[in-house]
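**Student:** File work-v3.txt below, compact mmCIF, C-alpha atoms:
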# COMPACT_ATOMS: atom_id res chain seq x y z
CA MET R 214 11.43 22.73 18.16
CA PHE R 215 9.62 19.90 19.88
CA GLN R 216 5.94 20.44 20.69
CA ILE R 217 3.91 17.99 22.76
CA ARG R 218 0.27 17.29 21.87
CA LYS R 219 -1.28 15.28 24.69
CA SER R 220 -3.91 12.64 24.05
CA GLY R 221 -6.49 14.43 26.21
CA GLU R 222 -6.15 17.60 24.13
CA ARG R 223 -7.52 15.87 21.04
CA GLY R 224 -11.06 16.35 19.86
CA TYR R 225 -13.51 13.65 20.95
CA ALA R 226 -16.79 12.31 19.65
CA ASN R 227 -18.96 9.41 20.78
CA HIS R 228 -21.75 8.42 18.39
CA GLY R 229 -22.59 5.16 20.15
CA TRP R 230 -21.51 2.92 17.28
CA LEU R 231 -18.32 4.99 16.83
CA GLU R 232 -15.94 6.49 19.39
CA SER R 233 -13.26 8.72 17.91
CA TYR R 234 -10.38 10.98 18.94
CA HIS R 235 -9.25 13.63 16.44
CA SER R 236 -5.63 14.84 16.48
CA PHE R 237 -6.58 17.65 14.07
CA SER R 238 -9.77 19.55 13.30
CA PHE R 239 -12.32 17.17 11.85
CA SER R 240 -16.10 17.12 11.46
CA SER R 241 -17.65 18.98 14.42
CA TYR R 242 -14.28 19.36 16.18
CA TYR R 243 -12.64 22.62 15.17
CA ASP R 244 -9.43 24.09 16.58
CA PRO R 245 -7.69 26.69 14.38
CA LYS R 246 -4.38 25.89 16.10
CA HIS R 247 -4.62 22.26 14.99
CA MET R 248 -5.70 22.15 11.36
CA GLY R 249 -2.91 19.78 10.34
CA PHE R 250 0.87 19.59 10.27
CA GLY R 251 2.41 20.11 6.86
CA PRO R 252 0.40 17.89 4.50
CA LEU R 253 -0.63 15.63 7.40
CA ARG R 254 -4.29 16.60 7.74
CA VAL R 255 -6.07 13.89 9.78
CA ILE R 256 -5.23 11.29 12.39
CA ASN R 257 -8.41 9.83 13.79
CA GLU R 258 -8.29 7.04 16.37
CA ASP R 259 -11.53 5.12 15.91
CA TRP R 260 -13.31 2.33 17.74
CA VAL R 261 -16.11 0.89 15.55
CA GLN R 262 -18.63 -1.34 17.27
CA PRO R 263 -19.45 -4.81 15.85
CA GLN R 264 -21.72 -4.93 12.80
CA THR R 265 -21.69 -1.17 12.36
CA GLY R 266 -19.60 1.22 10.30
CA PHE R 267 -19.36 4.05 7.83
CA GLY R 268 -21.99 3.85 5.09
CA THR R 269 -21.18 4.68 1.50
CA HIS R 270 -19.56 8.11 1.23
CA GLY R 271 -17.19 9.92 -1.09
CA HIS R 272 -13.66 11.34 -1.05
CA ARG R 273 -11.51 13.16 -3.56
CA ASP R 274 -7.94 14.49 -3.76
CA MET R 275 -6.71 12.92 -0.53
CA GLU R 276 -4.30 10.10 0.34
CA ILE R 277 -5.96 7.98 3.05
CA ILE R 278 -4.19 5.30 5.09
CA THR R 279 -5.96 2.92 7.46
CA TYR R 280 -3.70 1.42 10.14
CA MET R 281 -5.33 -1.38 12.12
CA LEU R 282 -4.70 -1.71 15.86
CA GLY R 283 -7.31 -4.39 16.62
CA GLY R 284 -10.27 -6.21 15.11
CA GLU R 285 -11.00 -5.96 11.41
CA LEU R 286 -12.55 -3.50 8.97
CA SER R 287 -14.17 -4.39 5.65
CA HIS R 288 -14.55 -2.03 2.71
CA LYS R 289 -16.39 -1.91 -0.58
CA ASP R 290 -15.66 0.76 -3.15
CA SER R 291 -16.95 2.20 -6.39
CA LEU R 292 -14.01 0.65 -8.28
CA GLY R 293 -15.40 -2.79 -7.55
CA GLY R 294 -12.96 -3.66 -4.79
CA GLY R 295 -13.70 -5.19 -1.43
CA SER R 296 -11.64 -6.74 1.35
CA ALA R 297 -11.14 -6.86 5.11
CA ILE R 298 -7.99 -5.64 6.83
CA LYS R 299 -6.66 -6.69 10.24
CA PRO R 300 -3.64 -5.85 12.41
CA ASN R 301 -0.36 -6.28 10.51
CA GLN R 302 -2.09 -4.81 7.48
CA ILE R 303 -2.67 -1.29 6.19
CA GLN R 304 -4.84 0.04 3.41
CA ARG R 305 -3.95 2.91 1.10
CA MET R 306 -6.58 4.82 -0.81
CA SER R 307 -5.76 7.54 -3.32
CA ALA R 308 -9.09 9.33 -3.69
CA GLY R 309 -7.93 11.37 -6.68
CA THR R 310 -10.73 12.43 -9.03
CA GLY R 311 -13.27 10.81 -6.73
CA ILE R 312 -14.14 7.52 -5.10
CA ARG R 313 -17.05 6.23 -3.04
CA HIS R 314 -16.71 3.50 -0.45
CA SER R 315 -18.07 2.01 2.76
CA GLU R 316 -16.13 0.79 5.81
CA MET R 317 -17.83 -1.71 8.08
CA ASN R 318 -16.93 -3.84 11.08
CA ALA R 319 -18.62 -7.08 10.04
CA HIS R 320 -17.46 -9.03 13.08
CA LYS R 321 -20.23 -10.17 15.42
CA THR R 322 -18.45 -9.43 18.72
CA ASP R 323 -15.08 -7.68 18.26
CA VAL R 324 -14.59 -3.91 18.16
CA ALA R 325 -12.48 -2.59 15.28
CA HIS R 326 -9.72 -0.27 16.53
CA LEU R 327 -7.85 1.74 13.94
CA LEU R 328 -6.07 4.90 12.99
CA GLN R 329 -7.31 6.65 9.87
CA ILE R 330 -4.75 9.02 8.43
CA TRP R 331 -5.27 11.62 5.70
CA ILE R 332 -2.35 13.20 3.85
CA GLU R 333 -2.92 15.96 1.31
CA PRO R 334 -1.47 15.02 -2.09
CA SER R 335 1.09 17.14 -3.93
CA VAL R 336 -0.96 16.80 -7.11
CA ASN R 337 -4.72 16.65 -7.57
CA GLY R 338 -6.81 14.78 -10.10
CA VAL R 339 -4.97 11.45 -10.12
CA ASP R 340 -6.76 8.22 -10.96
CA PRO R 341 -8.38 6.86 -7.79
CA GLY R 342 -7.13 3.58 -6.37
CA TYR R 343 -7.04 1.21 -3.40
CA LYS R 344 -4.42 -1.26 -2.27
CA ASP R 345 -4.04 -3.41 0.86
CA HIS R 346 -0.56 -4.13 2.17
CA ASP R 347 0.72 -6.71 4.60
CA LEU R 348 3.24 -5.20 7.01
CA ASP R 349 6.67 -6.82 7.13
CA VAL R 350 6.62 -7.31 10.90
CA ALA R 351 10.37 -7.94 11.10
CA THR R 352 11.15 -4.50 9.63
CA ILE R 353 9.02 -2.65 12.21
CA THR R 354 10.10 -4.62 15.28
CA GLY R 355 12.72 -2.87 17.37
CA GLN R 356 13.08 -0.10 14.81
CA LEU R 357 11.17 2.40 12.69
CA GLY R 358 10.36 0.59 9.47
CA LEU R 359 9.14 2.32 6.32
CA ILE R 360 5.56 1.40 5.40
CA VAL R 361 4.45 4.31 3.15
CA THR R 362 6.49 6.40 0.72
CA GLY R 363 6.04 9.06 -1.94
CA ASP R 364 8.73 7.40 -4.09
CA ARG R 365 7.02 5.04 -6.51
CA ALA R 366 10.17 3.05 -7.33
CA GLU R 367 10.91 2.59 -3.63
CA ALA R 368 7.33 1.49 -2.98
CA GLU R 369 7.50 -1.13 -5.71
CA ALA R 370 10.93 -2.40 -4.66
CA LYS R 371 10.00 -2.71 -0.99
CA LYS R 372 6.38 -3.74 -1.63
CA ILE R 373 5.03 -0.93 0.54
CA ALA R 374 2.31 1.68 0.02
CA PHE R 375 2.77 4.56 -2.42
CA ILE R 376 1.15 7.98 -1.97
CA HIS R 377 1.18 11.09 -4.11
CA GLN R 378 3.14 13.26 -1.68
CA ASP R 379 6.78 13.76 -0.71
CA ALA R 380 6.20 12.09 2.64
CA ARG R 381 7.18 8.90 4.40
CA MET R 382 5.41 7.01 7.15
CA TYR R 383 7.22 4.63 9.47
CA ALA R 384 5.90 2.19 12.07
CA GLY R 385 7.79 0.85 15.06
CA ARG R 386 7.03 -1.79 17.67
CA LEU R 387 9.57 -1.01 20.34
CA SER R 388 10.46 -2.80 23.55
CA LYS R 389 12.93 -1.88 26.32
CA GLN R 390 15.31 0.03 24.09
CA SER R 391 16.73 3.35 23.06
CA LEU R 392 16.37 4.51 19.48
CA HIS R 393 18.27 7.31 17.75
CA ARG R 394 17.16 8.85 14.47
CA GLU R 395 18.84 11.53 12.38
CA LEU R 396 16.47 14.23 11.15
CA ASP R 397 16.59 16.72 8.30
CA PRO R 398 16.02 20.15 9.92
CA ALA R 399 14.53 21.40 6.64
CA ARG R 400 11.63 18.93 7.02
CA LYS R 401 8.92 18.32 9.61
CA GLY R 402 8.50 15.24 11.75
CA TYR R 403 5.43 13.94 13.57
CA LEU R 404 5.50 11.09 16.10
CA HIS R 405 2.24 9.48 17.20
CA VAL R 406 2.18 6.99 20.08
CA ALA R 407 -0.37 4.35 19.07
CA LYS R 408 0.17 2.11 22.10
CA GLY R 409 2.32 2.08 25.23
CA SER R 410 4.68 4.80 26.37
CA LEU R 411 8.17 6.18 25.81
CA ASN R 412 10.39 9.08 26.80
CA VAL R 413 11.77 11.85 24.62
CA GLY R 414 14.40 13.39 26.85
CA ASN R 415 12.70 13.81 30.21
CA VAL R 416 9.20 14.00 28.67
CA LEU R 417 6.92 10.99 28.96
CA LEU R 418 4.68 10.30 25.97
CA GLN R 419 1.80 7.86 26.41
CA THR R 420 -0.89 6.29 24.22
CA GLY R 421 -2.48 8.94 22.00
CA ASP R 422 0.20 11.55 22.64
CA ALA R 423 2.08 13.14 19.75
CA LEU R 424 5.34 15.00 19.21
CA LEU R 425 5.51 17.71 16.53
CA ILE R 426 9.05 18.36 15.28
CA GLU R 427 10.49 21.28 13.32
CA GLY R 428 14.08 22.38 12.71
CA GLU R 429 15.62 19.48 14.66
CA ARG R 430 18.56 17.30 13.66
CA GLU R 431 17.92 14.23 15.80
CA LEU R 432 15.28 12.33 17.69
CA ASN R 433 16.03 10.09 20.68
CA LEU R 434 13.43 7.71 22.07
CA ASP R 435 13.72 5.67 25.26
CA VAL R 436 11.26 2.82 25.80
CA SER R 437 11.19 1.23 29.26
CA GLU R 438 8.59 -1.42 28.43
CA GLN R 439 6.68 -1.40 25.14
CA ALA R 440 5.40 1.10 22.60
CA GLU R 441 3.92 1.08 19.11
CA VAL R 442 4.55 4.33 17.25
CA LEU R 443 4.05 5.96 13.87
CA PHE R 444 6.56 8.50 12.59
CA PHE R 445 5.89 10.83 9.65
CA ASP R 446 8.68 12.49 7.68
CA LEU R 447 6.98 15.47 6.02
CA PRO R 448 7.86 18.35 3.71
CA ALA R 449 7.97 21.74 5.40
Any chance you could give the structure as structure tokens?

**Tutor:**
Amino acid sequence: MFQIRKSGERGYANHGWLESYHSFSFSSYYDPKHMGFGPLRVINEDWVQPQTGFGTHGHRDMEIITYMLGGELSHKDSLGGGSAIKPNQIQRMSAGTGIRHSEMNAHKTDVAHLLQIWIEPSVNGVDPGYKDHDLDVATITGQLGLIVTGDRAEAEAKKIAFIHQDARMYAGRLSKQSLHRELDPARKGYLHVAKGSLNVGNVLLQTGDALLIEGERELNLDVSEQAEVLFFDLPA
């Protein structure tokens, strides 16, 4: 089963300093048909205006990934950490037993554009932690490259992000190509188009669109120009 979720169907909020689209129910946006997909609970596309941001707030028992599309975002946390991430970097936060942090766009003129992704963990009460990761651009160019995994040994070997869930997240920067991927029909798949456009069969997917996948054995993408995508391999 392939199900299309168009960009314009997402929830939307404009707070002046923050413009955000919600792929799943979040904050004041509530849609009982879109509460998440497997353990994938949140994909928010955010634009944060210069010298504004999210003040100190708390999380617990959630795996949170920040994927930068433009600009930069700085954070400070209750563990004593602090850094700024930019495109070609992601940040992983395991909230675990509880963590407080702030996220600010400290730049004077540039808007921060990002995807914030929440994945429910398979186990609660882990020690909280943060880690920034540089993306290996070569591994995500022209293909879907693994950037987040629930396999700790794989994460350490490949120097990618580890989360406490049997899930994998891939990124791909694709250009004028066809891409074939084998799927496990016993698992779910979720494709999010971060930039550009592509075709799945005769269906055009554009920026902000998503494809929800269940019970399928293969995925075929055709890119006529350029696209940046995220693909999630999720437990059913």

**Student:** Need to verify the contact set: stretch 334-341 of chain R, 10 Å, only C-alpha atoms, exclusion of same-chain residues closer than 2 positions in sequence. Can you return it as a list in words?

**Tutor:**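 So the residues in contact are Pro252, Leu253, His272, Arg273, Asp274, Met275, Glu276, Ile277, Ser291, Leu292, Met306, Ser307, Ala308, Gly309, Thr310, Gly311, Ile312, Arg313, Trp331, Ile332, Tyr343, Gly363, Ile376, His377, Gln378, Asp379 and Ala380 of chain R.
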
**Student:** Counting all atoms listed in the file, figure out which residue out of R:Met317, R:Ala325, R:Val413, R:Ile278 gets nearest to R:Ile217.

**Tutor:**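 The shortest atom-to-atom distance to R:Ile217 comes from R:Val413.
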
**Student:** Of the candidates R:Met382, R:Val261, R:Ile360, R:Ala440, which one gets nearest to R:Asn301 if we count only C-alpha atoms?

**Tutor:**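 Among the listed residues, R:Ile360 lies closest to R:Asn301.
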
**Student:** Here's a test: counting all atoms listed in the file, identify every protein, DNA and RNA residue with an atom at most 8 Å from (-5.5, 1.5, 6.1) in the file's coordinate frame, and state them as a PDB file with C-alpha atoms, in the coordinates of the input.

**Tutor:**
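File part_9.pdb, as written:
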ATOM      1  CA  ILE R 277      -5.960   7.980   3.050  1.00  0.00           C
ATOM      2  CA  ILE R 278      -4.190   5.300   5.090  1.00  0.00           C
ATOM      3  CA  THR R 279      -5.960   2.920   7.460  1.00  0.00           C
ATOM      4  CA  TYR R 280      -3.700   1.420  10.140  1.00  0.00           C
ATOM      5  CA  MET R 281      -5.330  -1.380  12.120  1.00  0.00           C
ATOM      6  CA  ILE R 298      -7.990  -5.640   6.830  1.00  0.00           C
ATOM      7  CA  GLN R 302      -2.090  -4.810   7.480  1.00  0.00           C
ATOM      8  CA  ILE R 303      -2.670  -1.290   6.190  1.00  0.00           C
ATOM      9  CA  GLN R 304      -4.840   0.040   3.410  1.00  0.00           C
ATOM     10  CA  ARG R 305      -3.950   2.910   1.100  1.00  0.00           C
ATOM     11  CA  MET R 306      -6.580   4.820  -0.810  1.00  0.00           C
ATOM     12  CA  LEU R 328      -6.070   4.900  12.990  1.00  0.00           C
ATOM     13  CA  GLN R 329      -7.310   6.650   9.870  1.00  0.00           C
ATOM     14  CA  ILE R 330      -4.750   9.020   8.430  1.00  0.00           C
ATOM     15  CA  ASP R 345      -4.040  -3.410   0.860  1.00  0.00           C
TER      16      ASP R 345
END

**Student:** From the list R:Ala399, R:Tyr243, R:Thr354, R:Glu441, which residue is nearest R:Leu418 when using all atoms listed in the file?

**Tutor:**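 Checking each of R:Ala399, R:Tyr243, R:Thr354, R:Glu441 against R:Leu418, counting all atoms listed in the file, the winner is R:Glu441.
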
**Student:** Please return stretch 360-393 of chain R, rebuilt to N, CA and C atoms, as an mmCIF file, keeping the file's coordinate frame.

**Tutor:**
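In the end it all went to rebuild_34.cif:
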data_model
loop_
_atom_site.group_PDB
_atom_site.id
_atom_site.type_symbol
_atom_site.label_atom_id
_atom_site.label_comp_id
_atom_site.auth_asym_id
_atom_site.auth_seq_id
_atom_site.Cartn_x
_atom_site.Cartn_y
_atom_site.Cartn_z
ATOM 1 N N ILE R 360 6.747 2.096 5.877
ATOM 2 C CA ILE R 360 5.560 1.400 5.400
ATOM 3 C C ILE R 360 4.803 2.180 4.325
ATOM 4 N N VAL R 361 5.085 3.472 4.176
ATOM 5 C CA VAL R 361 4.450 4.310 3.150
ATOM 6 C C VAL R 361 5.497 5.271 2.623
ATOM 7 N N THR R 362 5.519 5.485 1.307
ATOM 8 C CA THR R 362 6.490 6.400 0.720
ATOM 9 C C THR R 362 5.866 7.141 -0.463
ATOM 10 N N GLY R 363 6.428 8.312 -0.759
ATOM 11 C CA GLY R 363 6.040 9.060 -1.940
ATOM 12 C C GLY R 363 6.918 8.776 -3.143
ATOM 13 N N ASP R 364 7.830 7.806 -3.016
ATOM 14 C CA ASP R 364 8.730 7.400 -4.090
ATOM 15 C C ASP R 364 8.184 6.107 -4.694
ATOM 16 N N ARG R 365 7.681 6.196 -5.909
ATOM 17 C CA ARG R 365 7.020 5.040 -6.510
ATOM 18 C C ARG R 365 7.971 3.855 -6.690
ATOM 19 N N ALA R 366 9.204 4.131 -7.131
ATOM 20 C CA ALA R 366 10.170 3.050 -7.330
ATOM 21 C C ALA R 366 10.497 2.361 -6.004
ATOM 22 N N GLU R 367 10.629 3.158 -4.953
ATOM 23 C CA GLU R 367 10.910 2.590 -3.630
ATOM 24 C C GLU R 367 9.727 1.752 -3.150
ATOM 25 N N ALA R 368 8.520 2.235 -3.392
ATOM 26 C CA ALA R 368 7.330 1.490 -2.980
ATOM 27 C C ALA R 368 7.261 0.139 -3.679
ATOM 28 N N GLU R 369 7.551 0.127 -4.965
ATOM 29 C CA GLU R 369 7.500 -1.130 -5.710
ATOM 30 C C GLU R 369 8.602 -2.082 -5.272
ATOM 31 N N ALA R 370 9.810 -1.543 -5.046
ATOM 32 C CA ALA R 370 10.930 -2.400 -4.660
ATOM 33 C C ALA R 370 10.728 -3.023 -3.286
ATOM 34 N N LYS R 371 10.165 -2.233 -2.366
ATOM 35 C CA LYS R 371 10.000 -2.710 -0.990
ATOM 36 C C LYS R 371 8.612 -3.278 -0.721
ATOM 37 N N LYS R 372 7.740 -3.234 -1.742
ATOM 38 C CA LYS R 372 6.380 -3.740 -1.630
ATOM 39 C C LYS R 372 5.624 -3.068 -0.477
ATOM 40 N N ILE R 373 5.714 -1.739 -0.457
ATOM 41 C CA ILE R 373 5.030 -0.930 0.540
ATOM 42 C C ILE R 373 4.082 0.039 -0.165
ATOM 43 N N ALA R 374 3.335 0.808 0.596
ATOM 44 C CA ALA R 374 2.310 1.680 0.020
ATOM 45 C C ALA R 374 2.921 2.931 -0.607
ATOM 46 N N PHE R 375 2.359 3.334 -1.724
ATOM 47 C CA PHE R 375 2.770 4.560 -2.420
ATOM 48 C C PHE R 375 1.677 5.621 -2.284
ATOM 49 N N ILE R 376 2.075 6.851 -1.980
ATOM 50 C CA ILE R 376 1.150 7.980 -1.970
ATOM 51 C C ILE R 376 1.705 9.107 -2.811
ATOM 52 N N HIS R 377 0.801 9.974 -3.247
ATOM 53 C CA HIS R 377 1.180 11.090 -4.110
ATOM 54 C C HIS R 377 1.559 12.306 -3.258
ATOM 55 N N GLN R 378 2.633 12.168 -2.519
ATOM 56 C CA GLN R 378 3.140 13.260 -1.680
ATOM 57 C C GLN R 378 4.571 12.919 -1.278
ATOM 58 N N ASP R 379 5.387 13.945 -1.140
ATOM 59 C CA ASP R 379 6.780 13.760 -0.710
ATOM 60 C C ASP R 379 6.805 13.549 0.798
ATOM 61 N N ALA R 380 6.306 12.411 1.213
ATOM 62 C CA ALA R 380 6.200 12.090 2.640
ATOM 63 C C ALA R 380 6.484 10.612 2.841
ATOM 64 N N ARG R 381 6.936 10.293 4.038
ATOM 65 C CA ARG R 381 7.180 8.900 4.400
ATOM 66 C C ARG R 381 6.544 8.630 5.759
ATOM 67 N N MET R 382 6.030 7.435 5.891
ATOM 68 C CA MET R 382 5.410 7.010 7.150
ATOM 69 C C MET R 382 6.107 5.732 7.608
ATOM 70 N N TYR R 383 6.526 5.755 8.870
ATOM 71 C CA TYR R 383 7.220 4.630 9.470
ATOM 72 C C TYR R 383 6.389 4.088 10.635
ATOM 73 N N ALA R 384 6.502 2.795 10.890
ATOM 74 C CA ALA R 384 5.900 2.190 12.070
ATOM 75 C C ALA R 384 6.999 1.515 12.876
ATOM 76 N N GLY R 385 6.820 1.513 14.199
ATOM 77 C CA GLY R 385 7.790 0.850 15.060
ATOM 78 C C GLY R 385 7.123 0.182 16.236
ATOM 79 N N ARG R 386 7.453 -1.078 16.465
ATOM 80 C CA ARG R 386 7.030 -1.790 17.670
ATOM 81 C C ARG R 386 8.273 -1.971 18.521
ATOM 82 N N LEU R 387 8.347 -1.168 19.567
ATOM 83 C CA LEU R 387 9.570 -1.010 20.340
ATOM 84 C C LEU R 387 9.418 -1.620 21.716
ATOM 85 N N SER R 388 10.523 -2.132 22.259
ATOM 86 C CA SER R 388 10.460 -2.800 23.550
ATOM 87 C C SER R 388 11.781 -2.681 24.283
ATOM 88 N N LYS R 389 11.766 -1.997 25.431
ATOM 89 C CA LYS R 389 12.930 -1.880 26.320
ATOM 90 C C LYS R 389 14.192 -1.546 25.538
ATOM 91 N N GLN R 390 14.189 -0.350 24.941
ATOM 92 C CA GLN R 390 15.310 0.030 24.090
ATOM 93 C C GLN R 390 15.402 1.541 23.957
ATOM 94 N N SER R 391 16.535 1.966 23.460
ATOM 95 C CA SER R 391 16.730 3.350 23.060
ATOM 96 C C SER R 391 16.877 3.366 21.546
ATOM 97 N N LEU R 392 16.330 4.415 20.932
ATOM 98 C CA LEU R 392 16.370 4.510 19.480
ATOM 99 C C LEU R 392 16.778 5.920 19.100
ATOM 100 N N HIS R 393 17.763 6.017 18.232
ATOM 101 C CA HIS R 393 18.270 7.310 17.750
ATOM 102 C C HIS R 393 17.965 7.434 16.272
#
